[in-house]
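Contents: one structure, followed by commentary.
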Amino acid sequence: MTTIARAVVTGSSGFVGSHLAARLAAGGCAVTGISNTPPRREPPEGVTEHLADIRDADAVRQLIADARPDVVFHLAAQASVPVSMRNPVADILVNVIGSVNVAQAAHAAGASRLVFFSTGGALFGQPEVLPAGEHTPVEPQSVYGASKIAAEHELGALCRHLGLELSVLRPGNIYGPGQDAAGESGVVAIFATRMLLGVAPRVFGDGSQQRDYVYVDDVVEAALLAASGEPATCEVGSGVGTSTLEIFRHIAALTGYARDPVFAPERPGDPQAVYLDPSRARERWGWEASTRLEDGLAATVESFRAGG
């Protein structure tokens with residue numbers, strides 16, 4: 001894997017962004033983080049955090065110019081499906097316009113590559129054939145999914161025009177230590193924290209919905225390979241669908257929780273089953289998910305039990 005001397009990570013105070021920034025810094029990379037919220041913990045040595053909104057083109061351009069990055073990892077996003085359905089304009093401004101701002105700033109600063117975090121779970125609606133791959137028809141059921149595929153197209157056209165290399169990750173449902181349990185997404189974090197407190201988690205629909213759960217360390221590894229390997233768009237998942245009730249049962253066993261969940265109506269924009277075909281990531285980047293679901297869930301629950 002090619003060593004990255006300097007990198008920018010947008011969304012660096014978020015769940016995946018903070019893991020990626022820490023991993024880059026541990027490898028000797030000077031990391032400039034850009035987020036619109038302060039980090040929840042002191043950044044590790046080698047990571048410098050800046051508060052800025054990616055909708056602010058001038059601020060983003062100045063920060064990336066000062067960083068002089070080899071690679072820009074773009075993770076900052078409005079990432080909640082329910083929020084996107086309530087406020088579609090804000091979703092588009094962040095996920096599409098903000099992404100264009102980042103790409104233009106990356107090119108102006110002399111970066112060689114942009115690594116964009118799209119979505120694998122929200123692009124395809126309800127695929128007729130599973131697992132879903134890069135050739136699966138894109139039919140998002142949510143504004144969030146639509147904004148991400150719009151950003152992919154905008155960035156693809158813009159980066160070709162600018163001569164900026166582009167890799168796109170389409171991850172499944174990312175989980176792991178440090179995930180925010182206070183939002184509306186992140187079922188593993190929400191279930192784990194509520195069960196540890198003895199509070200019944202809420203399950204939308206009947207719990208049979210299947211998603212592709214992929215551990216955060218595996219996703220970080222995919223991002224690093226996407227930065228150094230062949231520029232490509234790849235699904236980043238396990239290739240296996242796991243139901244919400246299966247996740248509930250796994251975490252209940254790990255936490256000693258003995259009650260039933262509380263069932264709630266299905267949420268608009270949520271497909272019944274989506275899991276991903278990671279074969280192109282394996283072919284182009286030599287990547288595959290290496291963390292067993294049971295092991296990843298155990299590590300996640302243990303981190304929340306320890307207060308993380």
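How things are named: the first chain in the structure tokens is A, the next is B, and so on; residues count from 1 in each chain; ligands count from 1 in the order shown.
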Show me, as a CSV table (one decimal) with N, CA, C and O atoms, in the first residue's frame, the residues that have an atom within 10 Å of Leu130 in chain A when counting only C-alpha atoms, minus same-chain residues fewer than 5 positions from it.
```csv
chain,number,residue,atom,x,y,z
A,136,THR,N,-26.2,-3.4,-10.6
A,136,THR,CA,-27.6,-3.4,-10.2
A,136,THR,C,-28.2,-2.1,-10.5
A,136,THR,O,-27.6,-1.0,-10.3
A,239,GLY,N,-21.4,-9.2,1.7
A,239,GLY,CA,-22.1,-10.1,0.8
A,239,GLY,C,-23.2,-10.9,1.5
A,239,GLY,O,-23.8,-11.8,0.8
A,240,VAL,N,-23.5,-10.6,2.7
A,240,VAL,CA,-24.5,-11.4,3.5
A,240,VAL,C,-25.5,-10.5,4.1
A,240,VAL,O,-25.2,-9.5,4.7
A,241,GLY,N,-26.8,-10.9,4.0
A,241,GLY,CA,-27.8,-10.1,4.6
A,241,GLY,C,-28.1,-10.6,6.0
A,241,GLY,O,-28.2,-11.8,6.3
A,273,ALA,N,-34.8,-5.6,1.9
A,273,ALA,CA,-33.5,-6.3,2.0
A,273,ALA,C,-32.5,-5.7,1.0
A,273,ALA,O,-32.8,-5.6,-0.2
A,274,VAL,N,-31.3,-5.4,1.5
A,274,VAL,CA,-30.2,-4.9,0.7
A,274,VAL,C,-28.9,-5.5,1.3
A,274,VAL,O,-28.6,-5.2,2.4
A,275,TYR,N,-28.2,-6.3,0.5
A,275,TYR,CA,-26.8,-6.7,0.9
A,275,TYR,C,-26.0,-6.7,-0.4
A,275,TYR,O,-26.5,-6.7,-1.5
A,276,LEU,N,-24.7,-6.6,-0.3
A,276,LEU,CA,-23.8,-6.1,-1.3
A,276,LEU,C,-22.9,-7.2,-1.9
A,276,LEU,O,-22.4,-8.0,-1.1
A,277,ASP,N,-22.5,-7.1,-3.1
A,277,ASP,CA,-21.6,-8.0,-3.8
A,277,ASP,C,-20.2,-7.3,-3.7
A,277,ASP,O,-20.0,-6.3,-4.5
```
Output as a Markdown table one row per residue of range 107-209 of chain A within 12 Å of range 52-61 of chain A: the closest atom pair and its distance in Å to one decimal place, counting only C-alpha atoms, sorted by chain and residue number ascending.
```
| residue | atom | partner | partner_atom | distance |
| --- | --- | --- | --- | --- |
| A:His107 | CA | A:Arg61 | CA | 9.6 |
| A:Ala108 | CA | A:Arg61 | CA | 7.8 |
| A:Ala109 | CA | A:Arg61 | CA | 7.9 |
| A:Gly110 | CA | A:Arg61 | CA | 11.5 |
```
Write a file of the just-selected residues containing N, CA and C atoms, as a JSON list (two decimals), in the first residue's frame.
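This went into result.json:
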```json
[["chain", "number", "residue", "atom", "x", "y", "z"],
["A", 107, "HIS", "N", -8.74, 19.56, -6.05],
["A", 107, "HIS", "CA", -8.00, 19.79, -7.29],
["A", 107, "HIS", "C", -7.15, 21.04, -7.20],
["A", 108, "ALA", "N", -7.72, 22.13, -6.69],
["A", 108, "ALA", "CA", -6.98, 23.39, -6.60],
["A", 108, "ALA", "C", -5.76, 23.27, -5.69],
["A", 109, "ALA", "N", -5.84, 22.38, -4.69],
["A", 109, "ALA", "CA", -4.74, 22.21, -3.74],
["A", 109, "ALA", "C", -3.68, 21.23, -4.25],
["A", 110, "GLY", "N", -3.92, 20.61, -5.40],
["A", 110, "GLY", "CA", -2.93, 19.70, -5.97],
["A", 110, "GLY", "C", -3.06, 18.26, -5.53]]
```
Original post:
Please, which residues of range 3-214 of chain A, numbered as in this document, come out alpha helix (DSSP H) from DSSP, as a PyMOL selection string?
Top reply: chain A and resi 15-26+57-67+81-86+88-92+98-108+143-162+187-196
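Those residues in range 78-243 of chain A carrying a DSSP assignment of strand (DSSP E), computed from the backbone, are Arg113, Leu114, Val115, Phe116, Phe117, Glu165, Leu166, Ser167, Val168, Leu169, Arg170, Pro171, Asn173, Ile174, Tyr175, Arg202, Val203, Phe204, Gln210, Arg211, Tyr213, Val214, Tyr215, Thr233, Cys234, Glu235, Val236, Thr242 and Ser243 of chain A.
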Rows by chain and residue number, range 56-127 of chain A within 6 Å of range 138-151 of chain A, shortest pair, only C-alpha atoms, as JSON lines:
```
{"residue": "A:Val81", "atom": "CA", "partner": "A:Tyr144", "partner_atom": "CA", "distance": 5.5}
{"residue": "A:Ser84", "atom": "CA", "partner": "A:Tyr144", "partner_atom": "CA", "distance": 5.3}
{"residue": "A:Met85", "atom": "CA", "partner": "A:Val143", "partner_atom": "CA", "distance": 5.9}
{"residue": "A:Ile92", "atom": "CA", "partner": "A:Ser147", "partner_atom": "CA", "distance": 5.7}
{"residue": "A:Val96", "atom": "CA", "partner": "A:Ala151", "partner_atom": "CA", "distance": 4.8}
{"residue": "A:Ser118", "atom": "CA", "partner": "A:Lys148", "partner_atom": "CA", "distance": 5.7}
{"residue": "A:Ala122", "atom": "CA", "partner": "A:Gly145", "partner_atom": "CA", "distance": 4.6}
{"residue": "A:Leu123", "atom": "CA", "partner": "A:Pro140", "partner_atom": "CA", "distance": 4.7}
{"residue": "A:Phe124", "atom": "CA", "partner": "A:Val138", "partner_atom": "CA", "distance": 4.6}
{"residue": "A:Gly125", "atom": "CA", "partner": "A:Pro140", "partner_atom": "CA", "distance": 4.5}
```
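Residues within 6 Å of range 228-233 of chain A, counting only C-alpha atoms and excluding same-chain residues fewer than 4 positions away, are Thr2, Leu166, Ser167, Val168 and Trp285 of chain A.
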List as CSV every residue of range 65-162 of chain A that is in contact with range 18-27 of chain A, defined as an atom at most 12 Å from one of its atoms (using only C-alpha atoms), together with the nearest atom pair and the distance in Å rounded to one decimal, sorted by chain and then rising number.
```
residue,atom,partner,partner_atom,distance
A:Val71,CA,A:Leu24,CA,11.1
A:Val72,CA,A:Ala21,CA,11.2
A:Phe73,CA,A:Leu20,CA,8.9
A:His74,CA,A:Leu20,CA,10.9
A:Leu75,CA,A:Leu20,CA,9.9
A:Ala76,CA,A:Ser18,CA,11.2
A:Val115,CA,A:Leu20,CA,11.9
A:Phe117,CA,A:Leu20,CA,11.9
```
Keeping only N, CA and C atoms, write the selected residues to a file as a tab-separated table (two decimals), in the first residue's frame.
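This is the output file result_37.tsv:
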```tsv
chain	number	residue	atom	x	y	z
A	71	VAL	N	-4.13	13.08	-0.81
A	71	VAL	CA	-5.44	12.45	-0.98
A	71	VAL	C	-6.45	13.17	-0.10
A	72	VAL	N	-7.66	13.35	-0.62
A	72	VAL	CA	-8.77	13.86	0.18
A	72	VAL	C	-9.79	12.73	0.33
A	73	PHE	N	-10.09	12.39	1.58
A	73	PHE	CA	-11.12	11.40	1.89
A	73	PHE	C	-12.38	12.19	2.27
A	74	HIS	N	-13.43	12.03	1.47
A	74	HIS	CA	-14.63	12.83	1.68
A	74	HIS	C	-15.74	11.99	2.30
A	75	LEU	N	-15.93	12.18	3.62
A	75	LEU	CA	-16.95	11.45	4.36
A	75	LEU	C	-18.07	12.34	4.88
A	76	ALA	N	-17.84	13.65	4.96
A	76	ALA	CA	-18.85	14.55	5.52
A	76	ALA	C	-20.14	14.44	4.73
A	115	VAL	N	-11.26	10.30	-2.53
A	115	VAL	CA	-11.95	9.06	-2.14
A	115	VAL	C	-13.28	9.46	-1.53
A	117	PHE	N	-17.03	8.65	-0.01
A	117	PHE	CA	-17.89	7.68	0.66
A	117	PHE	C	-19.33	7.91	0.20
```
Original post:
Which residues, written as a count of residues only, have at least one atom at most 6 Å from Ile174 in chain A, with only C-alpha atoms counted and residues fewer than 4 positions away on the same chain left out?
Top reply: 4
**OP:** Pick out the residues sitting within 9 Å of Ala222 in chain A, and hand them over as a ChimeraX atom specification; count only C-alpha atoms, and ignore anything fewer than 6 positions along from it in its own chain.
**Re:** /A:169,236,281,285-289
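Nearest residue to Ala7 in chain A, choosing from A:Leu224, A:Thr119, A:Ser208, A:Tyr175 and counting only C-alpha atoms: A:Leu224.
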Original post:
Hey, can you check how far CA of Val220 in chain A sits from CA of Gln179 in chain A?
Top reply: 14.0 Å
